[in-house]
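**Q** This is the structure I want to talk about, given as structure tokens.
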Amino acid sequence: MRISDKPIAKRLVDLGVEIRPGVALADLTSLAIGGATDQLLIRNYDTLPEVMRELRNEGIPHKFLGGGTNVLVTDGELDWVILHLPTRQPGMQMQDGVALVDAAADLGGTVTFCAKNDRGGMEGLIGVPGTIGGALRMNAGAYGTQIGSFVREVQLYRAASNTNETLKGDQIRFDYRHTSFAPDDIMLRVKLELPAKPYKEIVAGIKVCNEKRRASQPLNQKSAGCIFKNPPGASAGRMIDELKLKGFRVGDAMVSDRHANFFVNAGQASCADMLNLIDQVRTKVHEAFKVDLDMEVIFWKN
Ligand code: EPU
């Protein structure tokens with residue numbers, strides 16, 4: 001969707017929004033799949049309600065993109081614009097043992113920042129790609145750790161009230177790869193409270209997690225992490241592996257030969273290829289195990 005030549009563009013620019021016309025989502029997502037649209041960079045969070053009012057008044061559909069590491073985007077010209085909060089420097093500060101972090105900050109960078117301040121507990125999250133905002137939204141987790149356990153407060157934009165609000169940690173539900181945030185909430189900042197831990201101990205924990213991840217996950221390939229959620233008490237990766245589907249492909253969309261719940265773009269995969277692969281694997285798992293796999297990766301269609 002192109003808005004840069006419409007009258008609203010000038011009003012958005014006056015609000016401090018930078019408009020990048022015709023950006024390919026393939027360049028902004030870790031799967032490197034997705035069509036093109038205009039991207040709106042919002043640097044001043046306080047202007048969000050006004051920016052959203054403009055978009056709503058003009059009937060311009062929009063989606064919010066964070067790090068792009070857990071999303072599969074449809075091909076071709078997209079029917080919505082992309083909103084994005086660019087990273088601000090430094091984006092993180094420590095106050096009385098509580099980390100105040102921008103949603104646009106890198107998750108791994110935040111774990112390291114906290115470590116340098118002798119605050120630990122999030123070591124398991126070190127290799128999880130993406131932003132703090134994305135991690136919060138889906139309650140990212142790995143190696144027995146999930147980000148929700150450390151959240152003291154979240155500042156967010158709520159579409160329902162068209163205001164920026166602050167929620168206390170106990171006002172938010174964090175479940176397995178799911179939270180009580182509304183789909184159109186936009187994370188702005190978080191206060192994370194981590195227990196005190198010596199830097200050396202945290203670094204040792206980080207090293208162990210990095211090694212485990214390197215040994216089992218295709219880190220150098222284009223993926224969005226695990227494609228399916230694990231069903232209760234089971235591992236999607238193990239089931240897909242047991243069906244000997246590692247390496248199974250549709251065009252350039254392929255089940256990783258390292259971890260079967262990672263579907264990788266092994267070249268120039270289209271969204272249609274990836275959806276076809278997902279569908280076929282889901283059907284085979286259903287036939288063999290009578291289990292319906294739910295997507296963990298979010299699919300953005302037109
Ligand atoms: N397994 C196989 N074959 C495979 C993959 C896994 O047999 O191809 C077996 C493993 O040997 C192990 C079991 O399945 O016995 C579980 O594997 P793993 O430890 O890799 O964990 P997972 O359940 O597949 C989950 C998360 C990962 C997270 C790891 C480590 C989900 C959907 N996945 O994977 O998160 O990094 O645990 O904690 O919850 C993600 O969410 O995108 C993600 C990568």
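Labeling convention for the structure tokens: chains A, B, ... as they appear, residues from 1 per chain, ligands from 1 in order of appearance.
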Residues within 6 Å of ligand 1 (only C-alpha atoms and all ligand atoms), as a list in words?

**A**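 Answer in the requested format: Ala142, Tyr143, Gly225, Cys226, Phe228, Lys229, Asn230, Ser235, Gly237, Arg238, Asp241, His259 and Ala260 of chain A.
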
**Q** For N, CA, C and O atoms, I'd like the residues from the last selection saved as a PDB file, in the first residue's frame.

**A**
```pdb
ATOM      1  N   ALA A 142      13.175 -19.845  26.458  1.00  0.00           N
ATOM      2  CA  ALA A 142      14.105 -20.909  26.044  1.00  0.00           C
ATOM      3  C   ALA A 142      14.838 -21.402  27.281  1.00  0.00           C
ATOM      4  O   ALA A 142      15.070 -20.624  28.221  1.00  0.00           O
ATOM      5  N   TYR A 143      15.176 -22.674  27.269  1.00  0.00           N
ATOM      6  CA  TYR A 143      15.945 -23.306  28.337  1.00  0.00           C
ATOM      7  C   TYR A 143      15.385 -22.973  29.731  1.00  0.00           C
ATOM      8  O   TYR A 143      16.112 -22.557  30.634  1.00  0.00           O
ATOM      9  N   GLY A 225      12.738 -19.153  13.692  1.00  0.00           N
ATOM     10  CA  GLY A 225      12.765 -20.018  14.887  1.00  0.00           C
ATOM     11  C   GLY A 225      11.803 -21.173  14.690  1.00  0.00           C
ATOM     12  O   GLY A 225      11.535 -21.592  13.566  1.00  0.00           O
ATOM     13  N   CYS A 226      11.260 -21.680  15.795  1.00  0.00           N
ATOM     14  CA  CYS A 226      10.324 -22.802  15.682  1.00  0.00           C
ATOM     15  C   CYS A 226       9.054 -22.334  14.994  1.00  0.00           C
ATOM     16  O   CYS A 226       8.508 -21.282  15.328  1.00  0.00           O
ATOM     17  N   PHE A 228       6.127 -24.154  14.775  1.00  0.00           N
ATOM     18  CA  PHE A 228       4.942 -24.569  15.536  1.00  0.00           C
ATOM     19  C   PHE A 228       5.194 -24.439  17.036  1.00  0.00           C
ATOM     20  O   PHE A 228       6.337 -24.590  17.496  1.00  0.00           O
ATOM     21  N   LYS A 229       4.122 -24.223  17.786  1.00  0.00           N
ATOM     22  CA  LYS A 229       4.226 -24.325  19.248  1.00  0.00           C
ATOM     23  C   LYS A 229       4.340 -25.800  19.610  1.00  0.00           C
ATOM     24  O   LYS A 229       3.860 -26.663  18.864  1.00  0.00           O
ATOM     25  N   ASN A 230       4.930 -26.083  20.734  1.00  0.00           N
ATOM     26  CA  ASN A 230       4.931 -27.461  21.220  1.00  0.00           C
ATOM     27  C   ASN A 230       3.565 -27.775  21.810  1.00  0.00           C
ATOM     28  O   ASN A 230       3.059 -27.013  22.638  1.00  0.00           O
ATOM     29  N   SER A 235       7.011 -32.539  21.868  1.00  0.00           N
ATOM     30  CA  SER A 235       7.872 -31.635  21.110  1.00  0.00           C
ATOM     31  C   SER A 235       7.519 -31.761  19.626  1.00  0.00           C
ATOM     32  O   SER A 235       7.610 -32.849  19.047  1.00  0.00           O
ATOM     33  N   GLY A 237       9.169 -30.614  17.161  1.00  0.00           N
ATOM     34  CA  GLY A 237      10.398 -30.957  16.442  1.00  0.00           C
ATOM     35  C   GLY A 237      10.637 -32.456  16.442  1.00  0.00           C
ATOM     36  O   GLY A 237      10.966 -33.045  15.407  1.00  0.00           O
ATOM     37  N   ARG A 238      10.463 -33.080  17.599  1.00  0.00           N
ATOM     38  CA  ARG A 238      10.711 -34.522  17.673  1.00  0.00           C
ATOM     39  C   ARG A 238       9.718 -35.297  16.799  1.00  0.00           C
ATOM     40  O   ARG A 238      10.088 -36.226  16.084  1.00  0.00           O
ATOM     41  N   ASP A 241      10.612 -34.892  13.184  1.00  0.00           N
ATOM     42  CA  ASP A 241      11.840 -35.654  12.947  1.00  0.00           C
ATOM     43  C   ASP A 241      11.526 -37.149  12.839  1.00  0.00           C
ATOM     44  O   ASP A 241      12.022 -37.838  11.942  1.00  0.00           O
ATOM     45  N   HIS A 259      17.159 -29.032  12.995  1.00  0.00           N
ATOM     46  CA  HIS A 259      16.064 -29.050  13.975  1.00  0.00           C
ATOM     47  C   HIS A 259      14.750 -29.045  13.192  1.00  0.00           C
ATOM     48  O   HIS A 259      14.460 -28.092  12.467  1.00  0.00           O
ATOM     49  N   ALA A 260      13.953 -30.082  13.369  1.00  0.00           N
ATOM     50  CA  ALA A 260      12.805 -30.287  12.484  1.00  0.00           C
ATOM     51  C   ALA A 260      11.655 -29.298  12.689  1.00  0.00           C
ATOM     52  O   ALA A 260      10.745 -29.240  11.862  1.00  0.00           O
TER      53      ALA A 260
END
```

**Q** Could you give me, as a CSV table (one decimal) with N, CA and C atoms, in the first residue's frame, the residues within 7 Å of Val190 of chain A, counting only C-alpha atoms and dropping anything in the same chain fewer than 3 positions from it?

**A**
```csv
chain,number,residue,atom,x,y,z
A,100,LEU,N,15.4,-0.5,32.7
A,100,LEU,CA,14.3,0.2,31.9
A,100,LEU,C,14.8,0.1,30.4
A,101,VAL,N,14.0,-0.6,29.6
A,101,VAL,CA,14.5,-1.0,28.3
A,101,VAL,C,13.4,-0.6,27.2
A,102,ASP,N,13.9,0.0,26.1
A,102,ASP,CA,13.0,0.3,25.0
A,102,ASP,C,12.5,-1.0,24.3
A,103,ALA,N,11.3,-1.0,23.9
A,103,ALA,CA,10.8,-2.2,23.2
A,103,ALA,C,11.6,-2.5,21.9
A,153,GLU,N,6.8,-3.9,34.9
A,153,GLU,CA,5.9,-2.9,34.3
A,153,GLU,C,6.1,-2.8,32.8
A,154,VAL,N,5.0,-2.5,32.1
A,154,VAL,CA,5.2,-2.3,30.6
A,154,VAL,C,4.5,-1.0,30.2
A,155,GLN,N,5.1,-0.2,29.5
A,155,GLN,CA,4.5,1.0,28.9
A,155,GLN,C,4.1,0.6,27.4
```

**Q** Contacts of Gln95 of chain A at 12 Å or less, counting only C-alpha atoms, minus same-chain residues fewer than 6 places along, as an mmCIF file with C-alpha atoms, in the first residue's frame?

**A**
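Output (result05.cif):
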```cif
data_model
loop_
_atom_site.group_PDB
_atom_site.id
_atom_site.type_symbol
_atom_site.label_atom_id
_atom_site.label_comp_id
_atom_site.auth_asym_id
_atom_site.auth_seq_id
_atom_site.Cartn_x
_atom_site.Cartn_y
_atom_site.Cartn_z
ATOM 1 C CA VAL A 101 14.482 -0.958 28.280
ATOM 2 C CA CYS A 114 21.822 -6.743 32.570
ATOM 3 C CA ASN A 117 25.151 -4.771 35.837
ATOM 4 C CA ARG A 119 21.668 -8.905 37.117
ATOM 5 C CA LYS A 191 10.907 -2.394 33.414
ATOM 6 C CA LEU A 192 12.641 -5.719 34.058
ATOM 7 C CA GLU A 193 13.532 -6.820 37.554
ATOM 8 C CA LEU A 194 16.255 -9.474 37.583
#
```

**Q** With a distance cut-off of 12 Å and only C-alpha atoms, select the neighbouring residues of Val151 of chain A, excluding the residue or stretch itself and same-chain residues fewer than 4 positions from it, and output the selection as a ChimeraX atom specification.

**A** /A:98-101,122,132-133,135-137,139,146-147,155,167-174,189-195

**Q** Fewer than 3 positions away in the same chain doesn't count, so skip those; otherwise give me all residues within 9 Å of Leu156 of chain A, counting only C-alpha atoms, as number ranges by chain.

**A** A: 163-167, 185-190

**Q** Okay, now the selection with C-alpha atoms, as a PDB file, in the first residue's frame?

**A**
```
ATOM      1  CA  THR A 163      -3.600   6.174  24.528  1.00  0.00           C
ATOM      2  CA  ASN A 164      -0.184   5.250  25.865  1.00  0.00           C
ATOM      3  CA  GLU A 165      -0.651   3.374  29.152  1.00  0.00           C
ATOM      4  CA  THR A 166       1.395   1.637  31.829  1.00  0.00           C
ATOM      5  CA  LEU A 167       0.546  -1.862  33.056  1.00  0.00           C
ATOM      6  CA  ASP A 185      -1.199  -3.184  21.465  1.00  0.00           C
ATOM      7  CA  ILE A 186       2.250  -1.761  20.710  1.00  0.00           C
ATOM      8  CA  MET A 187       4.967  -2.310  23.291  1.00  0.00           C
ATOM      9  CA  LEU A 188       6.972   0.844  24.075  1.00  0.00           C
ATOM     10  CA  ARG A 189       9.157   0.250  27.145  1.00  0.00           C
ATOM     11  CA  VAL A 190       9.544  -2.310  29.891  1.00  0.00           C
TER      12      VAL A 190
END
```
